[in-house]
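Student: Pasting a structure below so you can have a look.
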Amino acid sequence: MMQSRTLGDIKITRILEYAGPTHDPAFLFPDLDRSVLDANVDLMAPHHWIPHMNKLIVTIQFWIVHAGDKVVVVDTGVGNFKPRAGIARMHMLNTLVREWMIAAGAAPEQVTHVVMTHLHADHVGWNTTWQDGRWAPTFPNARYYIPKDDFVFCDAGRNKEPGVVDVFGEAFFDSVMPVVKEGLAEMIVPGQEIAGCLQVEPAAGHSPGQVAFRVRSRGEEAVFCGDILHSPLQIVRPDVNSGYCIRPDLARTTRLALLNQAADSEALVLPVHFGQPHCGYIRREGQGFLFEPATW
Ligand SMILES: [Zn+2]
C-alpha cells in the first residue's frame, strides 16, 4: 500500500513492504524490561506492541520523495526473491512493492536517485531484481548513494562476523555490489547534498556508517532517520538500543541528538520500522521527550 503527504513543495510517499507483530521484545531490545513496556502501554499498544502476545510490531517500509523533476527512493526494504536463510519473514518475498511504486509515480525507470541510510538487509533489498539469471539494478536510470563507512565495513568482510552477520546477511552481495559493479553507485558522507534537496547527516551507531537525510521546503522540515529509532519506545527511553546497534554508546548519542534536533525544529520524523501511523513529531516533556503521531 501507499500513503502520500506534502512537505512544502515536496511530496513524500510511504511504500509498505510488510508489517506485523513479529518481534519478541527481548530479542529486539535485549536490555529492556517488560515493566517499561507496561508503563508505556498507551504509547505502544496497539500499533507498536501487542501486549497479550508480547510481540513488537515491526514495519518494513520505505519512502519516496518527489521534488521537482527528481524522484528519490529513501531505503529499499527487503526486496523480492532474496534468499535470506534463517530469517523466514524476509526469505524469498513476493510482494507488490513494484506495482505500488508504479502507482505512486515512481516506476523503476522514473527513479533518479536511490539513497540508503545504511546497508542492513532490510534497507537495500529493492536495489536489485533477479533478471535473466543475475541481480540487476531495479532502477536503471538512477544513481545509488551508499554510506561510505558501511560500505568500507562490509567490503572488509566485517559484515560476515558473528553478531553482525544476521543484519547484513547476503544483502551486500546480492543488493549492493551489483549496483557498484554496474557503475551506478556513489559513496556518501555527512555534509553532502543529494538531488538538490537531501542533506546527508551523521547517524552512526546502529551501523558503522549510518546516515540520516534531512529535507526542507517552504519552512517545513523532515528527517529520514533510518534505524536511529526502531520503535516509539526509544523516544521516551533514548537509552534503549536495539540488539542490532553495533556501536551502543554512539547509537545512544546519535538518538539523543536526533530527538533534541527534531524537538527544536519540529521536523517530521520518518523512520523505517514504526507501526501506524509510521511517522510523527518529537515533543519535549520535562527532561525527556514524547511522541506525537502524525496524521495522514
Ligand atoms: Zn532496519
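By order in the C-alpha cells, chains are A, B, ...; within a chain, residues start at 1; ligands start at 1, following the order shown.
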Can you pull out every residue with an atom within 8 Å of ligand 1? Use only C-alpha atoms and all ligand atoms and format it as a list in words.
Tutor: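 I would give the residues around ligand 1 as Ile60, His120, Ala121, Asp122, His123, Gly226, Asp227, His230, Val272 and His273 of chain A.
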Student: Let's have the selection written as an mmCIF file, in the first residue's frame, with N, CA and C atoms.
Tutor:
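As a result, result_32.cif now contains:
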```cif
data_model
loop_
_atom_site.group_PDB
_atom_site.id
_atom_site.type_symbol
_atom_site.label_atom_id
_atom_site.label_comp_id
_atom_site.auth_asym_id
_atom_site.auth_seq_id
_atom_site.Cartn_x
_atom_site.Cartn_y
_atom_site.Cartn_z
ATOM 1 N N ILE A 60 8.217 -2.960 7.712
ATOM 2 C CA ILE A 60 9.275 -2.746 6.719
ATOM 3 C C ILE A 60 8.662 -1.866 5.641
ATOM 4 N N HIS A 120 22.058 -2.495 6.121
ATOM 5 C CA HIS A 120 21.406 -3.704 6.631
ATOM 6 C C HIS A 120 20.441 -4.246 5.575
ATOM 7 N N ALA A 121 20.182 -5.556 5.668
ATOM 8 C CA ALA A 121 19.464 -6.265 4.606
ATOM 9 C C ALA A 121 18.056 -5.734 4.361
ATOM 10 N N ASP A 122 17.437 -5.118 5.374
ATOM 11 C CA ASP A 122 16.072 -4.620 5.221
ATOM 12 C C ASP A 122 16.027 -3.181 4.715
ATOM 13 N N HIS A 123 17.169 -2.673 4.228
ATOM 14 C CA HIS A 123 17.224 -1.291 3.731
ATOM 15 C C HIS A 123 17.806 -1.195 2.322
ATOM 16 N N GLY A 226 16.320 6.555 9.302
ATOM 17 C CA GLY A 226 16.803 5.170 9.274
ATOM 18 C C GLY A 226 16.455 4.448 10.558
ATOM 19 N N ASP A 227 17.427 3.763 11.129
ATOM 20 C CA ASP A 227 17.188 2.966 12.338
ATOM 21 C C ASP A 227 17.780 3.621 13.587
ATOM 22 N N HIS A 230 13.951 2.432 16.271
ATOM 23 C CA HIS A 230 13.195 1.277 15.786
ATOM 24 C C HIS A 230 11.735 1.355 16.212
ATOM 25 N N VAL A 272 11.797 3.887 9.662
ATOM 26 C CA VAL A 272 11.507 2.777 8.745
ATOM 27 C C VAL A 272 10.619 1.716 9.398
ATOM 28 N N HIS A 273 10.756 1.537 10.711
ATOM 29 C CA HIS A 273 10.138 0.356 11.313
ATOM 30 C C HIS A 273 8.952 0.636 12.232
#
```
Student: DSSP on the backbone, then: every residue of range 134-275 of chain A marked strand (DSSP E or B), written as a VMD selection string.
Tutor: chain A and resid 134 to 137 143 to 147 185 to 188 193 to 194 198 to 202 211 to 217 220 to 226 268 to 271
Student: How would you write, as a CSV table (one decimal) with C-alpha atoms, in the first residue's frame, the set of residues in range 162-247 of chain A that DSSP gives as alpha helix (DSSP H)?
Tutor:
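That gives us selection.csv:
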```csv
chain,number,residue,atom,x,y,z
A,165,VAL,CA,26.0,-11.2,10.0
A,166,ASP,CA,22.3,-11.6,10.8
A,167,VAL,CA,21.5,-7.9,9.9
A,168,PHE,CA,23.9,-7.5,6.9
A,171,ALA,CA,22.5,-8.3,1.1
A,177,MET,CA,27.7,-4.9,-5.0
A,178,PRO,CA,25.7,-5.4,-8.2
A,179,VAL,CA,24.9,-1.7,-8.5
A,180,VAL,CA,28.5,-0.9,-7.7
A,181,LYS,CA,29.8,-3.2,-10.4
A,233,LEU,CA,9.6,3.4,22.9
A,234,GLN,CA,13.1,4.8,22.2
A,235,ILE,CA,11.6,8.3,22.2
A,236,VAL,CA,10.7,8.1,25.8
```
Student: Range 213-225 of chain A: which residues within 8 Å, counting only C-alpha atoms, same-chain residues fewer than 5 positions away excluded, as an MDAnalysis selection string?
Tutor: chainID A and resid 7:10 74 117 197:201 203 265:272
Student: Mind writing the picked residues with N, CA and C atoms as a PDB file, in the first residue's frame?
Tutor:
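Written file, again.pdb:
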```pdb
ATOM      1  N   LEU A   7       5.181  18.197   1.940  1.00  0.00           N
ATOM      2  CA  LEU A   7       6.042  18.969   2.835  1.00  0.00           C
ATOM      3  C   LEU A   7       6.503  20.151   1.985  1.00  0.00           C
ATOM      4  N   GLY A   8       5.870  21.312   2.156  1.00  0.00           N
ATOM      5  CA  GLY A   8       6.157  22.425   1.256  1.00  0.00           C
ATOM      6  C   GLY A   8       5.854  22.020  -0.167  1.00  0.00           C
ATOM      7  N   ASP A   9       6.871  22.123  -1.032  1.00  0.00           N
ATOM      8  CA  ASP A   9       6.688  21.775  -2.454  1.00  0.00           C
ATOM      9  C   ASP A   9       7.018  20.314  -2.746  1.00  0.00           C
ATOM     10  N   ILE A  10       7.325  19.564  -1.705  1.00  0.00           N
ATOM     11  CA  ILE A  10       7.801  18.193  -1.893  1.00  0.00           C
ATOM     12  C   ILE A  10       6.691  17.210  -1.533  1.00  0.00           C
ATOM     13  N   VAL A  74      14.167   6.489  -0.672  1.00  0.00           N
ATOM     14  CA  VAL A  74      14.966   6.520   0.558  1.00  0.00           C
ATOM     15  C   VAL A  74      14.858   5.148   1.224  1.00  0.00           C
ATOM     16  N   THR A 117      20.153   4.778   4.063  1.00  0.00           N
ATOM     17  CA  THR A 117      20.614   5.234   5.381  1.00  0.00           C
ATOM     18  C   THR A 117      21.734   4.335   5.880  1.00  0.00           C
ATOM     19  N   CYS A 197      18.045  18.382  -2.639  1.00  0.00           N
ATOM     20  CA  CYS A 197      17.032  18.523  -1.583  1.00  0.00           C
ATOM     21  C   CYS A 197      17.340  17.734  -0.322  1.00  0.00           C
ATOM     22  N   LEU A 198      18.238  16.771  -0.366  1.00  0.00           N
ATOM     23  CA  LEU A 198      18.502  15.940   0.810  1.00  0.00           C
ATOM     24  C   LEU A 198      19.875  16.271   1.387  1.00  0.00           C
ATOM     25  N   GLN A 199      19.909  16.668   2.660  1.00  0.00           N
ATOM     26  CA  GLN A 199      21.180  16.889   3.346  1.00  0.00           C
ATOM     27  C   GLN A 199      21.569  15.598   4.060  1.00  0.00           C
ATOM     28  N   VAL A 200      22.795  15.160   3.822  1.00  0.00           N
ATOM     29  CA  VAL A 200      23.291  13.948   4.482  1.00  0.00           C
ATOM     30  C   VAL A 200      23.828  14.329   5.857  1.00  0.00           C
ATOM     31  N   GLU A 201      23.315  13.653   6.904  1.00  0.00           N
ATOM     32  CA  GLU A 201      23.723  13.981   8.271  1.00  0.00           C
ATOM     33  C   GLU A 201      24.271  12.740   8.978  1.00  0.00           C
ATOM     34  N   ALA A 203      24.758   9.744  11.494  1.00  0.00           N
ATOM     35  CA  ALA A 203      23.819   8.962  12.312  1.00  0.00           C
ATOM     36  C   ALA A 203      24.416   7.611  12.687  1.00  0.00           C
ATOM     37  N   SER A 265      13.332  21.696  16.022  1.00  0.00           N
ATOM     38  CA  SER A 265      12.980  22.128  14.658  1.00  0.00           C
ATOM     39  C   SER A 265      11.540  21.786  14.289  1.00  0.00           C
ATOM     40  N   GLU A 266      10.869  20.986  15.130  1.00  0.00           N
ATOM     41  CA  GLU A 266       9.520  20.492  14.825  1.00  0.00           C
ATOM     42  C   GLU A 266       9.500  19.714  13.509  1.00  0.00           C
ATOM     43  N   ALA A 267      10.616  19.056  13.205  1.00  0.00           N
ATOM     44  CA  ALA A 267      10.710  18.266  11.976  1.00  0.00           C
ATOM     45  C   ALA A 267       9.825  17.024  12.071  1.00  0.00           C
ATOM     46  N   LEU A 268       9.257  16.650  10.930  1.00  0.00           N
ATOM     47  CA  LEU A 268       8.564  15.366  10.826  1.00  0.00           C
ATOM     48  C   LEU A 268       9.625  14.266  10.793  1.00  0.00           C
ATOM     49  N   VAL A 269       9.505  13.308  11.692  1.00  0.00           N
ATOM     50  CA  VAL A 269      10.473  12.210  11.771  1.00  0.00           C
ATOM     51  C   VAL A 269       9.914  11.004  11.011  1.00  0.00           C
ATOM     52  N   LEU A 270      10.710  10.520  10.056  1.00  0.00           N
ATOM     53  CA  LEU A 270      10.270   9.445   9.153  1.00  0.00           C
ATOM     54  C   LEU A 270      11.177   8.231   9.323  1.00  0.00           C
ATOM     55  N   PRO A 271      10.844   7.362  10.268  1.00  0.00           N
ATOM     56  CA  PRO A 271      11.647   6.149  10.456  1.00  0.00           C
ATOM     57  C   PRO A 271      11.228   5.052   9.469  1.00  0.00           C
ATOM     58  N   VAL A 272      11.797   3.887   9.662  1.00  0.00           N
ATOM     59  CA  VAL A 272      11.507   2.777   8.745  1.00  0.00           C
ATOM     60  C   VAL A 272      10.619   1.716   9.398  1.00  0.00           C
TER      61      VAL A 272
END
```
Student: Could you build a table of the residues in range 56-89 of chain A lying no more than 7 Å from range 11-20 of chain A, giving for each the nearest pair of atoms and their separation in Å rounded to one decimal place, using only C-alpha atoms, ordered by chain and ascending residue number, as a tab-separated table?
Tutor:
```
residue	atom	partner	partner_atom	distance
A:Ile57	CA	A:Gly20	CA	5.0
A:Val58	CA	A:Ala19	CA	5.7
A:Thr59	CA	A:Ala19	CA	4.0
A:Ile60	CA	A:Tyr18	CA	5.4
A:Gln61	CA	A:Leu16	CA	4.4
A:Phe62	CA	A:Ile15	CA	5.4
A:Trp63	CA	A:Arg14	CA	4.7
A:Ile64	CA	A:Thr13	CA	5.0
A:Val65	CA	A:Ile12	CA	4.8
A:His66	CA	A:Lys11	CA	5.1
A:Ala67	CA	A:Lys11	CA	6.7
A:Gly77	CA	A:Glu17	CA	6.9
```
Student: Keeping only C-alpha atoms, write the selected residues as an mmCIF file, in the first residue's frame.
Tutor:
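Heads up, here's the output in out_32.cif:
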```cif
data_model
loop_
_atom_site.group_PDB
_atom_site.id
_atom_site.type_symbol
_atom_site.label_atom_id
_atom_site.label_comp_id
_atom_site.auth_asym_id
_atom_site.auth_seq_id
_atom_site.Cartn_x
_atom_site.Cartn_y
_atom_site.Cartn_z
ATOM 1 C CA ILE A 57 5.054 -4.693 15.610
ATOM 2 C CA VAL A 58 7.834 -4.066 13.118
ATOM 3 C CA THR A 59 7.052 -2.471 9.777
ATOM 4 C CA ILE A 60 9.275 -2.746 6.719
ATOM 5 C CA GLN A 61 8.638 0.295 4.570
ATOM 6 C CA PHE A 62 10.455 2.950 2.641
ATOM 7 C CA TRP A 63 9.911 6.473 1.424
ATOM 8 C CA ILE A 64 9.739 8.171 -1.969
ATOM 9 C CA VAL A 65 10.471 11.878 -2.392
ATOM 10 C CA HIS A 66 9.118 13.733 -5.412
ATOM 11 C CA ALA A 67 10.968 17.080 -5.578
ATOM 12 C CA GLY A 77 13.311 -2.629 2.000
#
```
Student: What's the 7 Å shell around range 126-134 of chain A, counting only C-alpha atoms, without same-chain residues fewer than 5 positions away, as a PDB file with N, CA, C and O atoms, in the first residue's frame?
Tutor:
```pdb
ATOM      1  N   THR A  76      15.408   0.824   0.618  1.00  0.00           N
ATOM      2  CA  THR A  76      14.709  -0.002  -0.373  1.00  0.00           C
ATOM      3  C   THR A  76      14.247  -1.359   0.175  1.00  0.00           C
ATOM      4  O   THR A  76      14.071  -2.304  -0.596  1.00  0.00           O
ATOM      5  N   GLY A  77      13.990  -1.446   1.472  1.00  0.00           N
ATOM      6  CA  GLY A  77      13.311  -2.629   2.000  1.00  0.00           C
ATOM      7  C   GLY A  77      14.086  -3.924   1.846  1.00  0.00           C
ATOM      8  O   GLY A  77      15.317  -3.936   1.720  1.00  0.00           O
ATOM      9  N   VAL A  78      13.345  -5.012   1.854  1.00  0.00           N
ATOM     10  CA  VAL A  78      13.934  -6.353   1.826  1.00  0.00           C
ATOM     11  C   VAL A  78      14.116  -6.852   0.390  1.00  0.00           C
ATOM     12  O   VAL A  78      15.098  -7.505   0.065  1.00  0.00           O
ATOM     13  N   GLY A  79      13.139  -6.506  -0.484  1.00  0.00           N
ATOM     14  CA  GLY A  79      13.220  -6.948  -1.877  1.00  0.00           C
ATOM     15  C   GLY A  79      12.545  -8.282  -2.117  1.00  0.00           C
ATOM     16  O   GLY A  79      12.265  -9.037  -1.182  1.00  0.00           O
ATOM     17  N   SER A 175      22.557  -7.194  -3.277  1.00  0.00           N
ATOM     18  CA  SER A 175      21.788  -5.955  -3.380  1.00  0.00           C
ATOM     19  C   SER A 175      22.646  -4.688  -3.399  1.00  0.00           C
ATOM     20  O   SER A 175      22.139  -3.627  -3.752  1.00  0.00           O
TER      21      SER A 175
END
```
Student: If I take CA of Val211 in chain A and CA of Asp150 in chain A, how far is one from the other in Å, to one decimal?
Tutor: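 Between CA of Val211 in chain A and CA of Asp150 in chain A the gap works out to 9.6 Å.
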Student: Give the answer as one residue: which of A:Ala107, A:Ala142, A:Leu37, A:Leu43 has the shortest atom-to-atom distance to Leu290 in chain A, using only C-alpha atoms?
Tutor: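 The answer is A:Leu43, which sits nearest to Leu290 in chain A.
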Student: Tell me, as an mmCIF file with C-alpha atoms, in the first residue's frame, which residues lie within 10 Å of range 154-158 of chain A, counting only C-alpha atoms; anything in the same chain fewer than 5 positions away does not count.
Tutor:
```cif
data_model
loop_
_atom_site.group_PDB
_atom_site.id
_atom_site.type_symbol
_atom_site.label_atom_id
_atom_site.label_comp_id
_atom_site.auth_asym_id
_atom_site.auth_seq_id
_atom_site.Cartn_x
_atom_site.Cartn_y
_atom_site.Cartn_z
ATOM 1 C CA LEU A 119 23.399 -1.298 4.449
ATOM 2 C CA LYS A 148 30.778 5.127 2.729
ATOM 3 C CA ASP A 149 31.639 3.814 6.194
ATOM 4 C CA VAL A 164 26.528 -8.640 12.740
ATOM 5 C CA VAL A 165 26.038 -11.238 10.023
ATOM 6 C CA PHE A 168 23.856 -7.536 6.892
ATOM 7 C CA PHE A 172 25.855 -6.772 0.442
ATOM 8 C CA PHE A 173 26.496 -9.319 -2.292
ATOM 9 C CA VAL A 176 24.778 -3.604 -3.006
ATOM 10 C CA MET A 177 27.742 -4.928 -5.018
ATOM 11 C CA PRO A 208 29.187 1.905 11.479
#
```
Student: From the list A:Ile146, A:Ala136, A:Met2, A:Val240, which residue is nearest Glu99 in chain A when using only C-alpha atoms?
Tutor: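 Among the listed residues, the smallest separation from Glu99 in chain A belongs to A:Met2.
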